[in-house]
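Structure file input25.pdb (PDB, C-alpha atoms and all ligand atoms) is printed below.
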ATOM      1  CA  MET A  29      79.118 -85.726 101.533
ATOM      2  CA  LEU A  30      78.875 -82.941  98.960
ATOM      3  CA  VAL A  31      75.625 -81.004  99.292
ATOM      4  CA  ASN A  32      74.358 -77.531  98.558
ATOM      5  CA  ALA A  33      74.211 -75.131 101.506
ATOM      6  CA  LYS A  34      70.421 -74.704 101.668
ATOM      7  CA  ASP A  35      69.474 -77.314 104.283
ATOM      8  CA  MET A  36      72.496 -76.801 106.510
ATOM      9  CA  LEU A  37      71.778 -73.061 106.707
ATOM     10  CA  GLN A  38      68.073 -73.462 107.330
ATOM     11  CA  LYS A  39      68.880 -75.858 110.176
ATOM     12  CA  ALA A  40      71.464 -73.413 111.520
ATOM     13  CA  LYS A  41      68.999 -70.534 111.432
ATOM     14  CA  GLU A  42      66.371 -72.610 113.245
ATOM     15  CA  GLY A  43      68.894 -73.943 115.749
ATOM     16  CA  HIS A  44      70.488 -70.517 116.451
ATOM     17  CA  TYR A  45      74.013 -71.378 115.390
ATOM     18  CA  ALA A  46      76.105 -70.574 112.317
ATOM     19  CA  VAL A  47      77.969 -72.698 109.784
ATOM     20  CA  GLY A  48      81.508 -71.539 109.029
ATOM     21  CA  GLN A  49      82.649 -70.813 105.508
ATOM     22  CA  PHE A  50      86.388 -71.342 105.445
ATOM     23  CA  ASN A  51      88.142 -70.152 102.301
ATOM     24  CA  ILE A  52      90.578 -72.622 100.783
ATOM     25  CA  ASN A  53      93.835 -71.794  99.048
ATOM     26  CA  ASN A  54      95.508 -75.114  98.269
ATOM     27  CA  LEU A  55      95.431 -78.841  98.937
ATOM     28  CA  GLU A  56      96.660 -78.590 102.539
ATOM     29  CA  TRP A  57      93.998 -75.982 103.328
ATOM     30  CA  THR A  58      91.234 -78.110 101.862
ATOM     31  CA  LYS A  59      92.344 -81.220 103.717
ATOM     32  CA  ALA A  60      92.699 -79.330 107.007
ATOM     33  CA  VAL A  61      89.177 -77.876 106.807
ATOM     34  CA  LEU A  62      87.547 -81.148 105.723
ATOM     35  CA  GLN A  63      89.291 -83.202 108.418
ATOM     36  CA  THR A  64      88.380 -80.707 111.133
ATOM     37  CA  ALA A  65      84.729 -80.695 110.060
ATOM     38  CA  GLN A  66      84.685 -84.497 110.229
ATOM     39  CA  GLU A  67      86.422 -84.568 113.633
ATOM     40  CA  GLN A  68      83.994 -81.976 115.008
ATOM     41  CA  ASN A  69      80.980 -83.579 113.329
ATOM     42  CA  SER A  70      80.139 -80.168 111.883
ATOM     43  CA  PRO A  71      78.670 -79.075 108.564
ATOM     44  CA  VAL A  72      81.085 -76.873 106.629
ATOM     45  CA  ILE A  73      81.284 -74.617 103.584
ATOM     46  CA  LEU A  74      84.495 -74.408 101.582
ATOM     47  CA  GLY A  75      84.806 -70.909 100.116
ATOM     48  CA  VAL A  76      86.674 -70.337  96.854
ATOM     49  CA  SER A  77      87.260 -66.788  95.644
ATOM     50  CA  GLU A  78      87.811 -66.172  91.946
ATOM     51  CA  GLY A  79      91.460 -65.385  92.695
ATOM     52  CA  ALA A  80      91.932 -68.599  94.688
ATOM     53  CA  GLY A  81      90.227 -70.572  91.920
ATOM     54  CA  LYS A  82      92.670 -69.155  89.385
ATOM     55  CA  TYR A  83      95.589 -69.868  91.716
ATOM     56  CA  MET A  84      94.521 -73.501  92.102
ATOM     57  CA  ALA A  85      94.486 -73.980  88.307
ATOM     58  CA  GLY A  86      90.788 -73.332  87.744
ATOM     59  CA  PHE A  87      87.403 -74.082  89.287
ATOM     60  CA  LYS A  88      87.216 -77.561  87.795
ATOM     61  CA  THR A  89      90.506 -78.521  89.436
ATOM     62  CA  VAL A  90      89.166 -77.270  92.773
ATOM     63  CA  ALA A  91      85.767 -78.975  92.462
ATOM     64  CA  ASP A  92      87.316 -82.276  91.411
ATOM     65  CA  MET A  93      89.912 -82.100  94.205
ATOM     66  CA  VAL A  94      87.229 -81.462  96.819
ATOM     67  CA  LYS A  95      85.023 -84.286  95.530
ATOM     68  CA  ALA A  96      87.938 -86.729  95.449
ATOM     69  CA  MET A  97      89.030 -85.723  98.929
ATOM     70  CA  ILE A  98      85.532 -86.157 100.369
ATOM     71  CA  ASP A  99      85.607 -89.659  98.927
ATOM     72  CA  GLU A 100      89.166 -90.665  99.853
ATOM     73  CA  LEU A 101      89.083 -89.150 103.352
ATOM     74  CA  LYS A 102      85.603 -90.614 103.959
ATOM     75  CA  ILE A 103      84.075 -87.270 104.874
ATOM     76  CA  THR A 104      80.457 -87.948 105.836
ATOM     77  CA  VAL A 105      79.508 -84.517 107.266
ATOM     78  CA  PRO A 106      77.693 -82.108 104.901
ATOM     79  CA  VAL A 107      80.177 -80.123 102.792
ATOM     80  CA  ALA A 108      79.306 -77.378 100.316
ATOM     81  CA  ILE A 109      81.788 -76.015  97.802
ATOM     82  CA  HIS A 110      80.893 -72.397  97.316
ATOM     83  CA  LEU A 111      82.094 -69.611  95.034
ATOM     84  CA  ASP A 112      82.905 -66.542  97.147
ATOM     85  CA  HIS A 113      82.089 -63.066  95.745
ATOM     86  CA  GLY A 114      81.451 -64.327  92.244
ATOM     87  CA  THR A 115      81.002 -62.239  89.132
ATOM     88  CA  TYR A 116      78.193 -63.313  86.811
ATOM     89  CA  ASP A 117      80.738 -65.058  84.550
ATOM     90  CA  GLY A 118      82.484 -66.666  87.512
ATOM     91  CA  CYS A 119      79.123 -68.045  88.689
ATOM     92  CA  MET A 120      78.537 -69.621  85.276
ATOM     93  CA  LYS A 121      81.979 -71.202  85.310
ATOM     94  CA  CYS A 122      81.475 -72.671  88.788
ATOM     95  CA  ILE A 123      78.066 -74.070  87.882
ATOM     96  CA  GLU A 124      79.763 -75.761  84.932
ATOM     97  CA  ALA A 125      82.705 -76.954  87.055
ATOM     98  CA  GLY A 126      80.475 -78.778  89.569
ATOM     99  CA  PHE A 127      80.320 -76.424  92.554
ATOM    100  CA  SER A 128      77.333 -77.060  94.839
ATOM    101  CA  SER A 129      76.818 -73.433  95.821
ATOM    102  CA  ILE A 130      77.629 -69.970  94.499
ATOM    103  CA  MET A 131      77.640 -66.381  95.629
ATOM    104  CA  PHE A 132      76.758 -63.705  93.143
ATOM    105  CA  ASP A 133      78.157 -60.426  94.373
ATOM    106  CA  GLY A 134      76.100 -57.829  92.574
ATOM    107  CA  SER A 135      76.479 -55.312  95.379
ATOM    108  CA  HIS A 136      78.396 -52.859  93.182
ATOM    109  CA  TYR A 137      75.596 -52.733  90.578
ATOM    110  CA  PRO A 138      72.633 -50.378  90.877
ATOM    111  CA  ILE A 139      69.920 -52.313  92.739
ATOM    112  CA  ASP A 140      67.824 -52.906  89.586
ATOM    113  CA  GLU A 141      70.738 -54.553  87.817
ATOM    114  CA  ASN A 142      71.618 -56.572  90.934
ATOM    115  CA  VAL A 143      67.974 -57.761  90.992
ATOM    116  CA  GLU A 144      67.963 -58.712  87.283
ATOM    117  CA  LYS A 145      71.193 -60.689  87.406
ATOM    118  CA  THR A 146      70.320 -62.352  90.715
ATOM    119  CA  LYS A 147      66.914 -63.368  89.289
ATOM    120  CA  GLU A 148      68.563 -65.107  86.367
ATOM    121  CA  LEU A 149      70.912 -66.997  88.690
ATOM    122  CA  VAL A 150      68.038 -67.994  91.004
ATOM    123  CA  ARG A 151      66.437 -69.689  87.995
ATOM    124  CA  ILE A 152      69.612 -71.507  86.925
ATOM    125  CA  CYS A 153      70.545 -72.602  90.455
ATOM    126  CA  ALA A 154      67.037 -73.950  91.124
ATOM    127  CA  GLU A 155      67.223 -75.944  87.903
ATOM    128  CA  LYS A 156      70.639 -77.410  88.746
ATOM    129  CA  GLY A 157      70.164 -77.883  92.497
ATOM    130  CA  LEU A 158      72.748 -75.349  93.666
ATOM    131  CA  SER A 159      72.298 -72.896  96.521
ATOM    132  CA  LEU A 160      72.761 -69.192  95.891
ATOM    133  CA  GLU A 161      74.030 -66.332  98.044
ATOM    134  CA  ALA A 162      73.403 -62.721  97.103
ATOM    135  CA  GLU A 163      74.913 -59.540  98.513
ATOM    136  CA  VAL A 164      73.483 -56.140  99.278
ATOM    137  CA  GLY A 165      75.629 -53.288 100.534
ATOM    138  CA  SER A 166      79.264 -53.810  99.667
ATOM    139  CA  ILE A 167      81.471 -55.318 102.346
ATOM    140  CA  GLY A 168      84.597 -53.322 102.972
ATOM    141  CA  GLY A 169      88.245 -54.187 103.072
ATOM    142  CA  GLU A 170      90.396 -55.602 100.337
ATOM    143  CA  GLU A 171      89.707 -58.880  98.612
ATOM    144  CA  ASP A 172      91.304 -59.872  95.312
ATOM    145  CA  GLY A 173      92.385 -56.272  94.832
ATOM    146  CA  VAL A 174      88.890 -54.846  95.242
ATOM    147  CA  VAL A 175      88.540 -52.404  98.100
ATOM    148  CA  GLY A 176      85.070 -51.726  99.508
ATOM    149  CA  MET A 177      84.135 -49.180 102.144
ATOM    150  CA  GLY A 178      82.098 -51.251 104.622
ATOM    151  CA  GLU A 179      78.619 -49.954 103.872
ATOM    152  CA  CYS A 180      75.460 -50.683 105.788
ATOM    153  CA  ALA A 181      72.861 -52.307 103.555
ATOM    154  CA  ASP A 182      69.448 -50.779 102.920
ATOM    155  CA  PRO A 183      66.951 -53.209 104.548
ATOM    156  CA  ASP A 184      64.359 -52.614 101.787
ATOM    157  CA  GLU A 185      66.919 -53.532  99.120
ATOM    158  CA  CYS A 186      67.734 -56.653 101.186
ATOM    159  CA  LYS A 187      64.069 -57.619 101.121
ATOM    160  CA  ALA A 188      63.878 -57.025  97.359
ATOM    161  CA  ILE A 189      66.802 -59.426  96.798
ATOM    162  CA  ALA A 190      65.679 -61.955  99.442
ATOM    163  CA  ASP A 191      62.229 -62.158  97.801
ATOM    164  CA  LEU A 192      63.818 -63.325  94.539
ATOM    165  CA  GLY A 193      64.340 -66.743  96.107
ATOM    166  CA  VAL A 194      68.018 -66.761  97.031
ATOM    167  CA  ASP A 195      69.030 -69.202  99.778
ATOM    168  CA  MET A 196      71.208 -66.866 101.846
ATOM    169  CA  LEU A 197      71.839 -63.161 101.948
ATOM    170  CA  ALA A 198      74.991 -61.224 102.778
ATOM    171  CA  ALA A 199      74.138 -57.766 104.030
ATOM    172  CA  GLY A 200      76.796 -55.187 104.762
ATOM    173  CA  ILE A 201      76.573 -54.240 108.450
ATOM    174  CA  GLY A 202      79.861 -52.383 108.818
ATOM    175  CA  ASN A 203      81.905 -55.576 108.472
ATOM    176  CA  ILE A 204      85.085 -55.649 106.399
ATOM    177  CA  HIS A 205      87.433 -58.288 105.029
ATOM    178  CA  GLY A 206      90.887 -58.681 106.543
ATOM    179  CA  LYS A 207      92.085 -57.220 109.831
ATOM    180  CA  TYR A 208      89.845 -54.603 111.469
ATOM    181  CA  PRO A 209      91.465 -51.206 112.040
ATOM    182  CA  ALA A 210      91.919 -50.080 115.660
ATOM    183  CA  ASN A 211      89.234 -47.395 115.230
ATOM    184  CA  TRP A 212      86.596 -49.773 113.785
ATOM    185  CA  PRO A 213      83.257 -48.874 115.381
ATOM    186  CA  GLY A 214      81.985 -52.495 115.416
ATOM    187  CA  LEU A 215      79.070 -54.189 113.673
ATOM    188  CA  SER A 216      75.865 -52.226 113.161
ATOM    189  CA  PHE A 217      73.341 -54.353 115.053
ATOM    190  CA  GLU A 218      70.699 -51.764 114.266
ATOM    191  CA  THR A 219      71.140 -52.537 110.546
ATOM    192  CA  LEU A 220      71.248 -56.285 111.187
ATOM    193  CA  GLU A 221      68.038 -56.183 113.190
ATOM    194  CA  ALA A 222      66.285 -54.091 110.522
ATOM    195  CA  VAL A 223      67.445 -56.530 107.812
ATOM    196  CA  LYS A 224      66.282 -59.501 109.867
ATOM    197  CA  ASN A 225      62.870 -57.915 110.439
ATOM    198  CA  LYS A 226      62.431 -57.401 106.693
ATOM    199  CA  THR A 227      63.803 -60.737 105.495
ATOM    200  CA  GLY A 228      62.289 -63.092 108.105
ATOM    201  CA  GLU A 229      63.505 -66.668 107.757
ATOM    202  CA  MET A 230      66.291 -65.890 105.280
ATOM    203  CA  PRO A 231      69.671 -67.140 106.619
ATOM    204  CA  LEU A 232      71.964 -64.102 106.788
ATOM    205  CA  VAL A 233      75.681 -64.218 106.037
ATOM    206  CA  LEU A 234      78.396 -62.387 107.944
ATOM    207  CA  HIS A 235      81.500 -61.784 105.849
ATOM    208  CA  GLY A 236      84.807 -60.657 107.294
ATOM    209  CA  GLY A 237      84.687 -63.099 110.219
ATOM    210  CA  THR A 238      88.356 -62.529 111.059
ATOM    211  CA  GLY A 239      88.862 -60.452 114.186
ATOM    212  CA  ILE A 240      85.209 -59.848 115.114
ATOM    213  CA  PRO A 241      85.012 -60.073 118.920
ATOM    214  CA  GLU A 242      83.251 -63.169 120.304
ATOM    215  CA  ASP A 243      80.380 -61.271 121.904
ATOM    216  CA  MET A 244      79.571 -59.578 118.573
ATOM    217  CA  ILE A 245      79.638 -62.951 116.778
ATOM    218  CA  LYS A 246      77.175 -64.383 119.312
ATOM    219  CA  ARG A 247      74.891 -61.384 119.074
ATOM    220  CA  ALA A 248      74.961 -61.540 115.272
ATOM    221  CA  ILE A 249      73.945 -65.224 115.404
ATOM    222  CA  SER A 250      71.095 -64.362 117.768
ATOM    223  CA  LEU A 251      69.907 -61.833 115.142
ATOM    224  CA  GLY A 252      69.685 -64.310 112.261
ATOM    225  CA  VAL A 253      73.257 -64.804 111.013
ATOM    226  CA  ALA A 254      73.560 -68.471 109.976
ATOM    227  CA  LYS A 255      76.801 -68.409 107.952
ATOM    228  CA  ILE A 256      80.080 -66.745 108.901
ATOM    229  CA  ASN A 257      82.994 -66.408 106.481
ATOM    230  CA  VAL A 258      86.572 -66.755 107.692
ATOM    231  CA  ASN A 259      89.640 -66.420 105.511
ATOM    232  CA  THR A 260      92.368 -64.104 106.815
ATOM    233  CA  GLU A 261      92.492 -65.698 110.272
ATOM    234  CA  CYS A 262      93.495 -69.079 108.819
ATOM    235  CA  GLN A 263      96.081 -67.359 106.626
ATOM    236  CA  LEU A 264      97.586 -65.573 109.621
ATOM    237  CA  ALA A 265      97.685 -68.788 111.671
ATOM    238  CA  PHE A 266      99.308 -70.663 108.781
ATOM    239  CA  ALA A 267     101.934 -67.952 108.193
ATOM    240  CA  ASP A 268     102.738 -67.639 111.886
ATOM    241  CA  ALA A 269     103.297 -71.376 112.395
ATOM    242  CA  THR A 270     105.347 -71.630 109.193
ATOM    243  CA  ARG A 271     107.517 -68.673 110.195
ATOM    244  CA  LYS A 272     108.192 -70.245 113.598
ATOM    245  CA  TYR A 273     109.262 -73.516 111.929
ATOM    246  CA  ILE A 274     111.700 -71.696 109.623
ATOM    247  CA  GLU A 275     112.994 -69.354 112.321
ATOM    248  CA  ALA A 276     113.689 -72.345 114.556
ATOM    249  CA  GLY A 277     115.853 -73.708 111.705
ATOM    250  CA  LYS A 278     113.746 -76.877 111.454
ATOM    251  CA  ASP A 279     113.894 -76.862 107.673
ATOM    252  CA  LEU A 280     117.660 -77.309 107.969
ATOM    253  CA  GLU A 281     117.432 -80.352 110.236
ATOM    254  CA  GLY A 282     117.387 -83.708 108.450
ATOM    255  CA  LYS A 283     114.665 -83.693 105.810
ATOM    256  CA  GLY A 284     112.872 -80.754 107.388
ATOM    257  CA  PHE A 285     112.789 -79.079 103.971
ATOM    258  CA  ASP A 286     110.380 -81.740 102.681
ATOM    259  CA  PRO A 287     107.117 -79.865 101.943
ATOM    260  CA  ARG A 288     105.200 -82.543 103.837
ATOM    261  CA  LYS A 289     107.168 -81.520 106.947
ATOM    262  CA  LEU A 290     107.561 -77.830 106.158
ATOM    263  CA  LEU A 291     103.820 -77.276 105.703
ATOM    264  CA  ALA A 292     102.718 -79.499 108.609
ATOM    265  CA  PRO A 293     102.794 -76.878 111.418
ATOM    266  CA  GLY A 294     100.879 -74.362 109.287
ATOM    267  CA  THR A 295      98.310 -77.003 108.371
ATOM    268  CA  ALA A 296      97.891 -77.945 112.050
ATOM    269  CA  ALA A 297      97.407 -74.244 112.844
ATOM    270  CA  ILE A 298      94.594 -74.005 110.265
ATOM    271  CA  LYS A 299      92.921 -77.030 111.866
ATOM    272  CA  GLU A 300      93.126 -75.433 115.302
ATOM    273  CA  THR A 301      91.694 -72.139 114.005
ATOM    274  CA  VAL A 302      88.814 -73.898 112.242
ATOM    275  CA  LYS A 303      88.025 -75.941 115.369
ATOM    276  CA  THR A 304      87.951 -72.808 117.553
ATOM    277  CA  LYS A 305      85.610 -71.070 115.098
ATOM    278  CA  MET A 306      83.266 -74.070 114.875
ATOM    279  CA  GLU A 307      83.037 -74.081 118.676
ATOM    280  CA  LEU A 308      82.314 -70.356 118.757
ATOM    281  CA  PHE A 309      79.723 -70.560 115.946
ATOM    282  CA  GLY A 310      77.991 -73.499 117.685
ATOM    283  CA  SER A 311      78.154 -75.888 114.701
ATOM    284  CA  VAL A 312      80.053 -78.696 116.506
ATOM    285  CA  GLY A 313      77.987 -81.900 116.559
ATOM    286  CA  LYS A 314      75.387 -80.443 114.162
ATOM    287  CA  ALA A 315      76.284 -82.508 111.079
TER
HETATM  288  P1  LIG A 401      88.120 -62.454 106.408
HETATM  289  O1  LIG A 401      89.275 -62.663 105.490
HETATM  290  O2  LIG A 401      88.103 -61.109 107.025
HETATM  291  O3  LIG A 401      88.004 -63.547 107.418
HETATM  292  O4  LIG A 401      86.789 -62.503 105.500
HETATM  293  C1  LIG A 401      86.469 -63.667 104.785
HETATM  294  C2  LIG A 401      85.293 -63.457 103.903
HETATM  295  O5  LIG A 401      84.370 -62.754 104.228
HETATM  296  C3  LIG A 401      85.267 -64.156 102.617
HETATM  297  O6  LIG A 401      84.191 -63.764 101.833
END
Could you spell out this file's structure in C-alpha cells?
Amino acid sequence: MLVNAKDMLQKAKEGHYAVGQFNINNLEWTKAVLQTAQEQNSPVILGVSEGAGKYMAGFKTVADMVKAMIDELKITVPVAIHLDHGTYDGCMKCIEAGFSSIMFDGSHYPIDENVEKTKELVRICAEKGLSLEAEVGSIGGEEDGVVGMGECADPDECKAIADLGVDMLAAGIGNIHGKYPANWPGLSFETLEAVKNKTGEMPLVLHGGTGIPEDMIKRAISLGVAKINVNTECQLAFADATRKYIEAGKDLEGKGFDPRKLLAPGTAAIKETVKTKMELFGSVGKA
C-alpha cells in the first residue's frame, strides 16, 4: 500500500521504534526491500537519490515501477517512496512523478534561504498529500559526488525548520554517509538531545545508518529518532555475495550467467540485511 510517511513515523515516534529507509538502485533492490517488508510485516520507506533516479531512467520510471510492484506482489504493508537529499527542482520533479514523500536538502543554504524554500515545499506537499523531510546541518561523507563534513546541527535552527510544518527532520549529529572512518568519534547524543528538546514531537531522521554500532542506534531511537536511512550496507552485502558467486565460478556452470541466477545471491543478501535492520530498528510487526 503506497502511503506518505507521516503516519508511519508518528506511530514510530510514539512507539519508540524507527522505520528504515532503504535506498533502491534497480528492480532487484526494489523487489528485495518490498518483499522483506511484507514478510516482516513492517512499514518501509524506499529512498531514491537524484543519482539513482537518473540511473533508473527517471523518477517517473521509478514511481511507476514501485506502484506496479506493490500491486503485483500484493504488498499490503505501508510503503512510502521518498526522494533522498532532493534539490528544489528534484522535489518538483518527484511531486510530478507520483512520489509519496520527498526530502528537501537545503542544509547547504544559509538558514534563511533554507527556511524560505522549505516553507514553499511545505505548502505544496500539504496540498498534494505528500510528506516532507527537511535537513539542518549537513551530513558528512560522500553521496552523489557531494562531500559533507559531518556537522552538528544548531538546535535553534532545527526548531525554526521544524516549526514550518515539515513531517520529519534530519539533523546532523556527527553522522556521515558511507563507511565510518576508524577514528570516528561516534554520534553526538548531546546534540540529538538538544534537538529533541527543541523540536518535541517531530520525528527525527538519522542518515548514514551504515556501520553505526547497535547500542548507538538504540540510544538514538530512545532520543526521538523515528527514521533511519541505510544505503551503503545493502550495496556492500550485494557486492560481496555477487563476488562470491563469480569467484566460485558459478556463472560458468550451466546457465549460471543468466542474470536471474547471477543476481540472486546479491538480492538474497539485500533481503537479509534489510531484515536484520528492521529487527534492530524495532519495526517488525508494526505495519
Ligand atoms: P549510508 O549509505 O551510510 O547507509 O547512508 C544512507 C543515507 O543516509 C541516505 O540518505
Which residues are near ligand LIG 401 (chain A) - at most 6 Å, using all atoms listed in the file? Format: as a PDB file with C-alpha atoms, in the frame of the given file.
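As written to disk, selection_1.pdb reads:
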ATOM      1  CA  ASP A 112      82.905 -66.542  97.147  1.00  0.00           C
ATOM      2  CA  HIS A 205      87.433 -58.288 105.029  1.00  0.00           C
ATOM      3  CA  GLY A 206      90.887 -58.681 106.543  1.00  0.00           C
ATOM      4  CA  HIS A 235      81.500 -61.784 105.849  1.00  0.00           C
ATOM      5  CA  GLY A 236      84.807 -60.657 107.294  1.00  0.00           C
ATOM      6  CA  GLY A 237      84.687 -63.099 110.219  1.00  0.00           C
ATOM      7  CA  THR A 238      88.356 -62.529 111.059  1.00  0.00           C
ATOM      8  CA  ASN A 257      82.994 -66.408 106.481  1.00  0.00           C
ATOM      9  CA  VAL A 258      86.572 -66.755 107.692  1.00  0.00           C
ATOM     10  CA  ASN A 259      89.640 -66.420 105.511  1.00  0.00           C
ATOM     11  CA  THR A 260      92.368 -64.104 106.815  1.00  0.00           C
ATOM     12  CA  GLU A 261      92.492 -65.698 110.272  1.00  0.00           C
TER      13      GLU A 261
END
### Task
Determine the nearest neighbour of Asp182 of chain A from the options A:Lys226, A:His113, A:Lys145, A:Lys303, counting all atoms listed in the file.
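Among the listed residues, the smallest separation from Asp182 of chain A belongs to A:Lys226.
When all atoms listed in the file are used to compute distances to Leu264 of chain A, the closest of the residues A:Thr295, A:Ser250, A:Gln38, A:Thr58 turns out to be A:Thr295.
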What lies within 9 Å of Ala46 of chain A using only C-alpha atoms, ignoring chain neighbours under 3 positions off, as a compact mmCIF listing (two decimals) with C-alpha atoms, in the frame of the given file?
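This is the output file result11.txt:
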# COMPACT_ATOMS: atom_id res chain seq x y z
CA LEU A 37 71.78 -73.06 106.71
CA ALA A 40 71.46 -73.41 111.52
CA LYS A 41 69.00 -70.53 111.43
CA GLY A 43 68.89 -73.94 115.75
CA VAL A 233 75.68 -64.22 106.04
CA ILE A 249 73.94 -65.22 115.40
CA GLY A 252 69.68 -64.31 112.26
CA VAL A 253 73.26 -64.80 111.01
CA ALA A 254 73.56 -68.47 109.98
CA LYS A 255 76.80 -68.41 107.95
CA ILE A 256 80.08 -66.74 108.90
CA MET A 306 83.27 -74.07 114.88
CA LEU A 308 82.31 -70.36 118.76
CA PHE A 309 79.72 -70.56 115.95
CA GLY A 310 77.99 -73.50 117.68
CA SER A 311 78.15 -75.89 114.70
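Minimum atom-to-atom distance to Pro293 of chain A, evaluated using all atoms listed in the file, belongs to A:Glu56 out of A:Glu67, A:Glu56, A:Glu42, A:Glu179.
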### Query
Nearest to Glu307 of chain A among A:Cys153, A:Leu55, A:Ile245, A:Ala276, with distances taken over all atoms listed in the file: which residue is it?
A:Ile245
#### Entry: Interatomic distance (Å, one decimal) between atom CA of Leu291 of chain A and atom CA of Thr270 of chain A
6.8 Å
### Query
atom CA of Lys95 of chain A and atom CA of Ala297 of chain A are how many Å apart?
23.5 Å
### Task
Enter the distance from atom CA of Trp57 of chain A to atom CA of Leu74 of chain A, in Å, rounded to one decimal.
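Between atom CA of Trp57 of chain A and atom CA of Leu74 of chain A the gap is 9.8 Å.
Taking all atoms listed in the file into account, Ala162 of chain A lies nearest to A:Thr115 out of the set A:Gln263, A:Thr219, A:Thr115, A:Gln63.
When only C-alpha atoms are used to compute distances to Gly114 of chain A, the closest of the residues A:Ser159, A:Ser77, A:Thr64, A:Ser128 turns out to be A:Ser77.
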Shell of 12 Å around Arg247 of chain A, all atoms listed in the file, local chain residues under 4 positions omitted, as a PDB file with C-alpha atoms, keeping the file's coordinate frame:
ATOM      1  CA  HIS A  44      70.488 -70.517 116.451  1.00  0.00           C
ATOM      2  CA  TYR A  45      74.013 -71.378 115.390  1.00  0.00           C
ATOM      3  CA  ALA A  46      76.105 -70.574 112.317  1.00  0.00           C
ATOM      4  CA  GLY A 214      81.985 -52.495 115.416  1.00  0.00           C
ATOM      5  CA  LEU A 215      79.070 -54.189 113.673  1.00  0.00           C
ATOM      6  CA  SER A 216      75.865 -52.226 113.161  1.00  0.00           C
ATOM      7  CA  PHE A 217      73.341 -54.353 115.053  1.00  0.00           C
ATOM      8  CA  GLU A 218      70.699 -51.764 114.266  1.00  0.00           C
ATOM      9  CA  LEU A 220      71.248 -56.285 111.187  1.00  0.00           C
ATOM     10  CA  GLU A 221      68.038 -56.183 113.190  1.00  0.00           C
ATOM     11  CA  LEU A 234      78.396 -62.387 107.944  1.00  0.00           C
ATOM     12  CA  ILE A 240      85.209 -59.848 115.114  1.00  0.00           C
ATOM     13  CA  PRO A 241      85.012 -60.073 118.920  1.00  0.00           C
ATOM     14  CA  GLU A 242      83.251 -63.169 120.304  1.00  0.00           C
ATOM     15  CA  ASP A 243      80.380 -61.271 121.904  1.00  0.00           C
ATOM     16  CA  LEU A 251      69.907 -61.833 115.142  1.00  0.00           C
ATOM     17  CA  GLY A 252      69.685 -64.310 112.261  1.00  0.00           C
ATOM     18  CA  VAL A 253      73.257 -64.804 111.013  1.00  0.00           C
ATOM     19  CA  ALA A 254      73.560 -68.471 109.976  1.00  0.00           C
ATOM     20  CA  LEU A 308      82.314 -70.356 118.757  1.00  0.00           C
ATOM     21  CA  PHE A 309      79.723 -70.560 115.946  1.00  0.00           C
TER      22      PHE A 309
END
